[in-house]
file input_13.txt (compact mmCIF, C-alpha atoms and all ligand atoms)
# COMPACT_ATOMS: atom_id res chain seq x y z
CA MET N 241 137.27 -27.76 92.97
CA LEU N 242 134.75 -27.21 90.21
CA GLN N 243 136.32 -23.95 89.04
CA GLN N 244 137.75 -24.88 85.60
CA THR N 245 137.37 -28.61 86.29
CA GLN N 246 134.65 -31.05 85.24
CA VAL N 247 132.37 -32.80 87.74
CA LYS N 248 133.49 -36.30 86.75
CA THR N 249 137.14 -35.38 87.40
CA VAL N 250 136.32 -33.69 90.69
CA LEU N 251 134.10 -36.40 92.25
CA PRO N 252 136.76 -38.83 93.56
CA TYR N 253 138.84 -35.90 94.87
CA PHE N 254 135.82 -34.36 96.57
CA LYS N 255 134.84 -37.62 98.28
CA ASN N 256 138.38 -38.21 99.48
CA PHE N 257 138.67 -34.59 100.65
CA LEU N 258 135.52 -34.94 102.74
CA LEU N 259 136.84 -38.13 104.31
CA HIS N 260 139.88 -36.20 105.52
CA PHE N 261 138.03 -32.97 106.30
CA PRO N 262 134.45 -33.71 107.30
CA SER N 263 133.94 -30.18 108.64
CA LEU N 264 135.09 -26.64 108.01
CA LYS N 265 136.83 -26.74 111.38
CA SER N 266 138.86 -29.84 110.54
CA LEU N 267 139.97 -28.21 107.26
CA SER N 268 140.89 -24.97 109.04
CA ARG N 269 143.18 -26.91 111.41
CA SER N 270 145.03 -28.69 108.61
CA ASN N 271 148.28 -27.58 107.01
CA GLU N 272 148.94 -26.55 103.44
CA ARG N 273 151.10 -29.58 102.73
CA LYS N 274 148.29 -32.02 103.53
CA VAL N 275 145.69 -30.05 101.57
CA LEU N 276 147.94 -29.85 98.51
CA LYS N 277 148.72 -33.55 98.72
CA LEU N 278 144.97 -34.34 98.61
CA TRP N 279 144.60 -31.89 95.71
CA GLU N 280 147.50 -33.47 93.79
CA GLY N 281 146.46 -34.03 90.15
CA LEU N 282 143.53 -31.58 90.14
CA GLY N 283 145.65 -28.63 89.01
CA TYR N 284 145.06 -24.91 89.65
CA TYR N 285 146.63 -25.31 93.07
CA ARG N 286 145.93 -21.74 94.10
CA ARG N 287 142.35 -22.91 94.68
CA ALA N 288 143.53 -25.35 97.35
CA ARG N 289 145.52 -22.66 99.14
CA ASN N 290 142.63 -20.19 98.97
CA LEU N 291 140.22 -22.80 100.27
CA LEU N 292 142.41 -23.48 103.29
CA MET N 293 142.84 -19.75 104.01
CA THR N 294 139.09 -19.20 103.61
CA ALA N 295 138.28 -22.05 106.00
CA ARG N 296 140.58 -20.50 108.60
CA ILE N 297 139.03 -17.05 108.18
CA LEU N 298 135.46 -18.37 108.38
CA VAL N 299 136.18 -20.44 111.49
CA ASN N 300 138.18 -17.76 113.28
CA GLU N 301 136.30 -14.62 112.28
CA HIS N 302 132.78 -15.65 111.22
CA LYS N 303 131.83 -18.48 113.61
CA SER N 304 132.13 -20.99 110.76
CA LYS N 305 129.38 -19.30 108.74
CA LEU N 306 129.49 -17.64 105.34
CA PRO N 307 128.90 -13.85 105.66
CA LYS N 308 125.67 -12.54 104.17
CA LYS N 309 127.03 -9.37 102.60
CA ILE N 310 128.66 -9.57 99.18
CA ALA N 311 131.44 -7.15 100.22
CA ASP N 312 132.41 -9.46 103.11
CA ILE N 313 132.31 -12.58 100.93
CA LYS N 314 134.57 -10.90 98.36
CA LYS N 315 137.19 -10.31 101.04
CA LEU N 316 137.74 -14.08 101.25
CA PRO N 317 140.80 -15.33 99.32
CA GLY N 318 140.16 -16.20 95.67
CA ILE N 319 136.52 -15.09 95.69
CA GLY N 320 135.56 -12.65 92.97
CA ASP N 321 132.23 -11.36 91.74
CA TYR N 322 131.06 -14.58 90.16
CA THR N 323 131.77 -16.90 93.09
CA ALA N 324 130.46 -14.38 95.63
CA ASN N 325 127.13 -14.16 93.80
CA ALA N 326 126.96 -17.95 93.38
CA LEU N 327 127.54 -18.39 97.12
CA LEU N 328 124.94 -15.78 98.02
CA ALA N 329 122.38 -17.53 95.83
CA PHE N 330 123.25 -21.14 96.67
CA ILE N 331 123.86 -20.78 100.39
CA HIS N 332 121.75 -17.81 101.43
CA ASN N 333 119.10 -18.07 98.70
CA GLN N 334 119.50 -14.34 98.01
CA PRO N 335 118.09 -12.72 94.84
CA THR N 336 121.28 -12.49 92.86
CA ILE N 337 122.71 -14.16 89.74
CA ALA N 338 126.16 -15.62 89.21
CA ILE N 339 127.09 -14.48 85.73
CA ASP N 340 129.12 -17.23 84.10
CA GLY N 341 129.67 -17.93 80.38
CA ASN N 342 126.39 -19.86 80.11
CA VAL N 343 124.33 -17.11 81.71
CA LYS N 344 125.95 -14.44 79.54
CA ARG N 345 125.12 -16.41 76.42
CA VAL N 346 121.47 -16.93 77.45
CA PHE N 347 120.94 -13.25 78.25
CA SER N 348 122.74 -12.05 75.16
CA ARG N 349 120.55 -14.28 72.98
CA ILE N 350 117.35 -13.19 74.71
CA VAL N 351 118.15 -9.57 73.81
CA ASN N 352 119.98 -10.63 70.61
CA LYS N 353 122.95 -8.42 71.39
CA SER N 354 126.64 -9.22 71.49
CA GLU N 355 127.95 -10.07 74.99
CA ASN N 356 130.54 -7.31 74.87
CA LYS N 357 127.80 -4.73 74.30
CA ILE N 358 125.85 -5.72 77.42
CA ASP N 359 126.30 -4.44 80.96
CA PHE N 360 125.03 -7.62 82.64
CA ASN N 361 124.75 -6.13 86.13
CA LYS N 362 122.64 -3.29 84.76
CA LEU N 363 120.51 -5.69 82.73
CA ILE N 364 119.81 -7.76 85.85
CA GLU N 365 119.07 -4.66 87.94
CA ILE N 366 116.60 -3.29 85.36
CA ASN N 367 114.83 -6.65 85.10
CA LYS N 368 115.01 -7.70 88.74
CA ASN N 369 111.23 -7.68 89.25
CA SER N 370 110.68 -10.19 86.49
CA LEU N 371 113.80 -12.24 87.24
CA PHE N 372 113.46 -12.76 90.98
CA THR N 373 109.91 -14.01 91.23
CA THR N 374 110.66 -17.19 93.15
CA LYS N 375 111.54 -17.91 96.76
CA ARG N 376 113.90 -20.60 95.47
CA ASN N 377 116.58 -18.34 94.07
CA SER N 378 119.32 -20.92 94.62
CA ASP N 379 117.45 -23.32 92.30
CA PHE N 380 116.77 -20.51 89.84
CA VAL N 381 120.47 -19.61 89.57
CA GLU N 382 121.48 -23.21 89.09
CA ALA N 383 118.67 -23.77 86.56
CA LEU N 384 119.84 -20.75 84.57
CA MET N 385 123.36 -22.19 84.31
CA GLU N 386 122.03 -25.63 83.36
CA PHE N 387 119.67 -24.06 80.83
CA GLY N 388 122.68 -22.45 79.14
CA ALA N 389 124.61 -25.72 79.17
CA LEU N 390 121.80 -28.01 77.99
CA ILE N 391 119.28 -25.96 75.94
CA CYS N 392 120.70 -22.59 74.97
CA LYS N 393 123.96 -24.30 73.99
CA PRO N 394 126.89 -22.43 72.45
CA LYS N 395 126.66 -23.93 68.96
CA GLU N 396 123.14 -25.15 68.25
CA PRO N 397 120.60 -23.85 70.76
CA GLU N 398 117.53 -26.07 71.01
CA CYS N 399 115.08 -23.23 70.39
CA PHE N 400 112.14 -25.39 69.39
CA LYS N 401 111.96 -27.06 72.77
CA CYS N 402 112.76 -23.84 74.63
CA THR N 403 110.02 -22.64 76.97
CA ILE N 404 110.99 -18.98 76.65
CA LYS N 405 111.31 -18.81 72.87
CA ASN N 406 108.38 -16.42 72.57
CA ASN N 407 110.30 -13.89 74.65
CA CYS N 408 113.59 -14.42 72.88
CA LYS N 409 114.79 -11.91 70.30
CA TYR N 410 117.38 -14.34 68.95
CA PHE N 411 114.64 -16.87 68.16
CA LYS N 412 112.41 -14.28 66.52
CA SER N 413 115.05 -12.34 64.66
CA ASN N 414 116.08 -12.91 61.06
CA LYS N 415 119.45 -11.38 61.88
CA LYS N 416 120.77 -13.57 64.64
CA LEU N 417 123.80 -12.52 66.60
CA GLU N 418 126.92 -14.63 66.28
CA GLN N 419 128.85 -15.95 69.24
CA ILE N 420 132.08 -14.19 70.15
CA LYS N 421 135.05 -16.37 69.35
CA ARG N 422 137.13 -16.89 72.50
CA ILE N 423 140.77 -15.99 72.05
CA GLN N 424 142.94 -19.05 72.41
CA PRO N 425 146.06 -18.63 74.58
CA LYS N 426 149.28 -18.38 72.60
CA GLU N 427 151.65 -21.32 72.83
CA LYS N 428 155.02 -20.67 74.47
CA ASN N 429 158.25 -22.65 74.02
CA TYR N 430 160.24 -24.02 76.95
CA ASN N 431 163.37 -26.13 77.44
CA ILE N 432 163.30 -28.40 80.45
CA PHE N 433 166.60 -29.63 81.85
CA CYS N 434 166.59 -32.67 84.13
CA TYR N 435 169.61 -33.53 86.24
CA ILE N 436 169.28 -37.19 87.17
CA ASP N 437 171.15 -39.19 89.77
CA LYS N 438 170.65 -42.57 88.18
CA THR N 439 172.08 -44.70 90.98
CA LYS N 440 169.64 -43.24 93.47
CA ASN N 441 166.72 -42.69 91.08
CA LYS N 442 166.60 -39.01 91.94
CA ILE N 443 165.96 -35.82 90.02
CA ALA N 444 166.97 -32.23 90.83
CA LEU N 445 164.00 -29.90 91.24
CA THR N 446 163.82 -26.19 91.91
CA LYS N 447 161.36 -23.39 92.54
CA GLN N 448 163.56 -21.08 90.42
CA HIS N 449 162.09 -21.72 86.99
CA ASP N 450 160.43 -19.78 84.20
CA LEU N 451 156.88 -21.04 84.80
CA GLY N 452 155.78 -18.08 86.88
CA PHE N 453 152.29 -19.42 87.56
CA LEU N 454 153.80 -22.53 89.22
CA ASN N 455 156.48 -20.62 91.06
CA LYS N 456 155.65 -22.03 94.47
CA PHE N 457 156.18 -25.61 93.34
CA TYR N 458 159.16 -27.81 92.68
CA LEU N 459 159.83 -28.37 88.99
CA PRO N 460 162.93 -29.29 86.95
CA ILE N 461 164.99 -26.40 85.58
CA ILE N 462 162.77 -24.72 82.99
CA LYS N 463 163.77 -21.92 80.63
CA GLU N 464 161.54 -20.08 78.22
CA THR N 465 163.12 -20.18 74.76
CA ASN N 466 162.62 -19.43 71.09
CA PHE N 467 164.22 -22.82 70.28
CA LYS N 468 166.89 -21.09 68.21
CA ASP N 469 169.81 -21.73 70.56
CA LYS N 470 171.76 -24.97 70.14
CA ILE N 471 171.70 -27.02 73.34
CA LYS N 472 175.12 -28.53 74.02
CA ASN N 473 176.08 -31.25 76.54
CA TRP N 474 172.49 -32.33 77.13
CA ASN N 475 170.67 -35.41 75.84
CA PHE N 476 167.49 -34.62 73.99
CA HIS N 477 164.63 -36.77 75.27
CA SER N 478 161.46 -35.62 73.53
CA ASN N 479 159.23 -32.80 72.42
CA PHE N 480 155.72 -32.63 73.79
CA LYS N 481 152.87 -30.24 74.34
CA ASN N 482 151.13 -29.56 77.60
CA SER N 483 148.32 -27.30 78.76
CA ILE N 484 148.30 -26.13 82.36
CA SER N 485 146.09 -23.50 83.93
CA ASN N 486 145.04 -22.06 80.55
CA LYS N 487 148.64 -21.91 79.34
CA LYS N 488 149.81 -23.84 76.31
CA LEU N 489 153.36 -25.10 76.50
CA ASN N 490 155.53 -26.54 73.75
CA ILE N 491 158.36 -28.38 75.49
CA ASN N 492 161.75 -29.81 74.59
CA LEU N 493 162.83 -32.16 77.35
CA TYR N 494 166.57 -32.67 77.98
CA TYR N 495 168.40 -34.77 80.56
CA ARG N 496 171.85 -35.34 81.92
CA PHE N 497 173.20 -37.86 84.46
CA SER N 498 174.93 -36.23 87.40
CA SER N 499 175.45 -36.95 91.07
CA LYS N 500 176.26 -33.28 91.73
CA LEU N 501 173.32 -31.12 92.78
CA PRO N 502 173.09 -27.87 90.76
CA LEU N 503 172.62 -24.56 92.57
CA GLN N 504 169.15 -23.78 94.01
CA THR N 505 167.90 -27.33 93.49
CA GLN N 506 167.04 -30.27 95.73
CA TRP N 507 167.00 -34.00 95.06
CA PHE N 508 163.60 -35.65 94.84
CA SER N 509 162.82 -39.31 94.38
CA LEU N 510 161.53 -40.19 90.91
CA LYS N 511 159.26 -42.81 92.47
CA GLU N 512 157.76 -41.61 95.74
CA ASN N 513 157.64 -38.34 97.65
CA ASN N 514 155.88 -37.19 100.76
CA GLU N 515 156.19 -33.68 99.37
CA PHE N 516 153.42 -32.43 97.06
CA ILE N 517 154.48 -32.78 93.41
CA PRO N 518 152.38 -31.15 90.64
CA SER N 519 151.09 -33.60 88.03
CA PHE N 520 153.06 -31.67 85.38
CA THR N 521 156.30 -32.66 87.18
CA LYS N 522 155.05 -36.23 87.61
CA LYS N 523 154.54 -36.55 83.86
CA ILE N 524 158.20 -35.64 83.42
CA PHE N 525 159.17 -38.23 86.08
CA LYS N 526 157.36 -40.88 84.05
CA GLN N 527 159.26 -39.98 80.90
CA ILE N 528 162.59 -39.90 82.71
CA LEU N 529 161.97 -43.31 84.31
CA GLU N 530 161.59 -44.77 80.82
CA ILE N 531 165.21 -43.91 79.97
CA ASN N 532 167.36 -47.05 80.07
S1 LIG R 601 114.86 -19.54 72.15
FE1 LIG R 601 116.79 -20.42 71.64
S2 LIG R 601 118.25 -18.76 71.78
FE2 LIG R 601 116.42 -18.11 72.84
S3 LIG R 601 116.77 -18.60 74.96
FE3 LIG R 601 115.69 -20.33 74.05
S4 LIG R 601 117.30 -21.73 73.38
FE4 LIG R 601 118.25 -19.75 73.75

call {"tool": "encode", "arguments": {"input": "input_13.txt", "output": "structure tokens"}}
result
Amino acid sequence: MLQQTQVKTVLPYFKNFLLHFPSLKSLSRSNERKVLKLWEGLGYYRRARNLLMTARILVNEHKSKLPKKIADIKKLPGIGDYTANALLAFIHNQPTIAIDGNVKRVFSRIVNKSENKIDFNKLIEINKNSLFTTKRNSDFVEALMEFGALICKPKEPECFKCTIKNNCKYFKSNKKLEQIKRIQPKEKNYNIFCYIDKTKNKIALTKQHDLGFLNKFYLPIIKETNFKDKIKNWNFHSNFKNSISNKKLNINLYYRFSSKLPLQTQWFSLKENNEFIPSFTKKIFKQILEIN
């Protein structure tokens, strides 16, 4: 849950999730629909699917335990290098480091070299004897991440209170390296077309839309556009911006009243559904319900 999401947002979801799934076994026996429903509003829904698949694999193939070899951990759905190393350190206390943005920044400042000029795995391997000097590697890995977040911060590192400043080339150097500017995702334009059955308070949703990264979910009809085409026979509702899963969307929302269901769509209630509905779609429901 914490991948790409802040702790304060995650906490109520996590507590509720544990109430429903107090053990790995109970999660492994659940179905995707229930897991997604509990995840509703957290976004990045692939994480929920991967978690369910991972729970099933661990229960069925690994006696409900996390494997101890990195290669076996990386075979689990959605687990790449970073998460595999974090799991090895946190759960098995192994001498390894999960290299996230914070850790990269700390290391790159210590050697005063740009992140893109550093082979972090090699750097860790060369320095392993001085890095892994504790039996509490899980604490060390977490402390390193926290150190990057709280002391060696992206904009103004607190060097004067830093306990390792005497070993830090950034601190000592007159020519300090600058942080790499992260490339912001480019905004894309979309038209959203909502067919609404007003008497029944329903909306037509489909999985055939232009938001590829949400292609397993029900959304209104969505078309990528350059906004140059004139839209006829539709009522313009509003223009708004939305960010989902690292994508920036600029949206023109249109609606039309109709009791006829368009091809490849299904009616969904605008008020309550047992089916999982992404929060992006729910935001549109809210706007549509405001139409008199
Ligand atoms: S001295 Fe400053 S730049 Fe170096 S590790 Fe400490 S906080 Fe980061």

call {"tool": "closest_residue", "arguments": {"input": "input_13.txt", "among": "N:Leu278, N:Ile366, N:Leu510, N:Ile337", "to": "Val250 of chain N", "atoms": "all atoms listed in the file"}}
result
N:Leu278

call {"tool": "closest_residue", "arguments": {"input": "input_13.txt", "among": "N:Asn256, N:Asn466, N:Asn333, N:Asn290", "to": "Asn490 of chain N", "atoms": "only C-alpha atoms"}}
result
N:Asn466

call {"tool": "residues_near_ligand", "arguments": {"input": "input_13.txt", "ligand": "ligand LIG 601 (chain R)", "cutoff": "8 Å", "atoms": "only C-alpha atoms and all ligand atoms", "output": "MDAnalysis selection string"}}
result
chainID N and resid 346:347 349:350 388 391:393 397:411

call {"tool": "residues_around", "arguments": {"input": "input_13.txt", "residues": "His260 of chain N", "least_positions_apart": "5", "cutoff": "12 Å", "atoms": "only C-alpha atoms", "output": "list of chain:residue names"}}
result
N:Tyr253, N:Phe254, N:Lys255, N:Lys265, N:Ser266, N:Leu267, N:Ser268, N:Arg269, N:Ser270, N:Lys274, N:Val275, N:Lys277, N:Leu278, N:Trp279

call {"tool": "residues_around", "arguments": {"input": "input_13.txt", "residues": "segment 497-505 of chain N", "least_positions_apart": "5", "cutoff": "12 Å", "atoms": "only C-alpha atoms", "output": "mmCIF file with C-alpha atoms, in the coordinates of the input"}}
result
data_model
loop_
_atom_site.group_PDB
_atom_site.id
_atom_site.type_symbol
_atom_site.label_atom_id
_atom_site.label_comp_id
_atom_site.auth_asym_id
_atom_site.auth_seq_id
_atom_site.Cartn_x
_atom_site.Cartn_y
_atom_site.Cartn_z
ATOM 1 C CA PHE N 433 166.600 -29.630 81.850
ATOM 2 C CA CYS N 434 166.590 -32.670 84.130
ATOM 3 C CA TYR N 435 169.610 -33.530 86.240
ATOM 4 C CA ILE N 436 169.280 -37.190 87.170
ATOM 5 C CA ASP N 437 171.150 -39.190 89.770
ATOM 6 C CA LYS N 438 170.650 -42.570 88.180
ATOM 7 C CA THR N 439 172.080 -44.700 90.980
ATOM 8 C CA LYS N 440 169.640 -43.240 93.470
ATOM 9 C CA ASN N 441 166.720 -42.690 91.080
ATOM 10 C CA LYS N 442 166.600 -39.010 91.940
ATOM 11 C CA ILE N 443 165.960 -35.820 90.020
ATOM 12 C CA ALA N 444 166.970 -32.230 90.830
ATOM 13 C CA LEU N 445 164.000 -29.900 91.240
ATOM 14 C CA THR N 446 163.820 -26.190 91.910
ATOM 15 C CA LYS N 447 161.360 -23.390 92.540
ATOM 16 C CA GLN N 448 163.560 -21.080 90.420
ATOM 17 C CA HIS N 449 162.090 -21.720 86.990
ATOM 18 C CA PHE N 457 156.180 -25.610 93.340
ATOM 19 C CA TYR N 458 159.160 -27.810 92.680
ATOM 20 C CA LEU N 459 159.830 -28.370 88.990
ATOM 21 C CA PRO N 460 162.930 -29.290 86.950
ATOM 22 C CA ILE N 461 164.990 -26.400 85.580
ATOM 23 C CA ILE N 462 162.770 -24.720 82.990
ATOM 24 C CA ASN N 473 176.080 -31.250 76.540
ATOM 25 C CA TRP N 474 172.490 -32.330 77.130
ATOM 26 C CA ASN N 475 170.670 -35.410 75.840
ATOM 27 C CA ILE N 528 162.590 -39.900 82.710
ATOM 28 C CA ILE N 531 165.210 -43.910 79.970
ATOM 29 C CA ASN N 532 167.360 -47.050 80.070
#

call {"tool": "atom_distance", "arguments": {"input": "input_13.txt", "atom1": "atom CA of Asp469 of chain N", "atom2": "atom CA of Glu427 of chain N"}}
result
18.3 Å

call {"tool": "atom_distance", "arguments": {"input": "input_13.txt", "atom1": "atom CA of Thr521 of chain N", "atom2": "atom CA of His477 of chain N"}}
result
15.1 Å
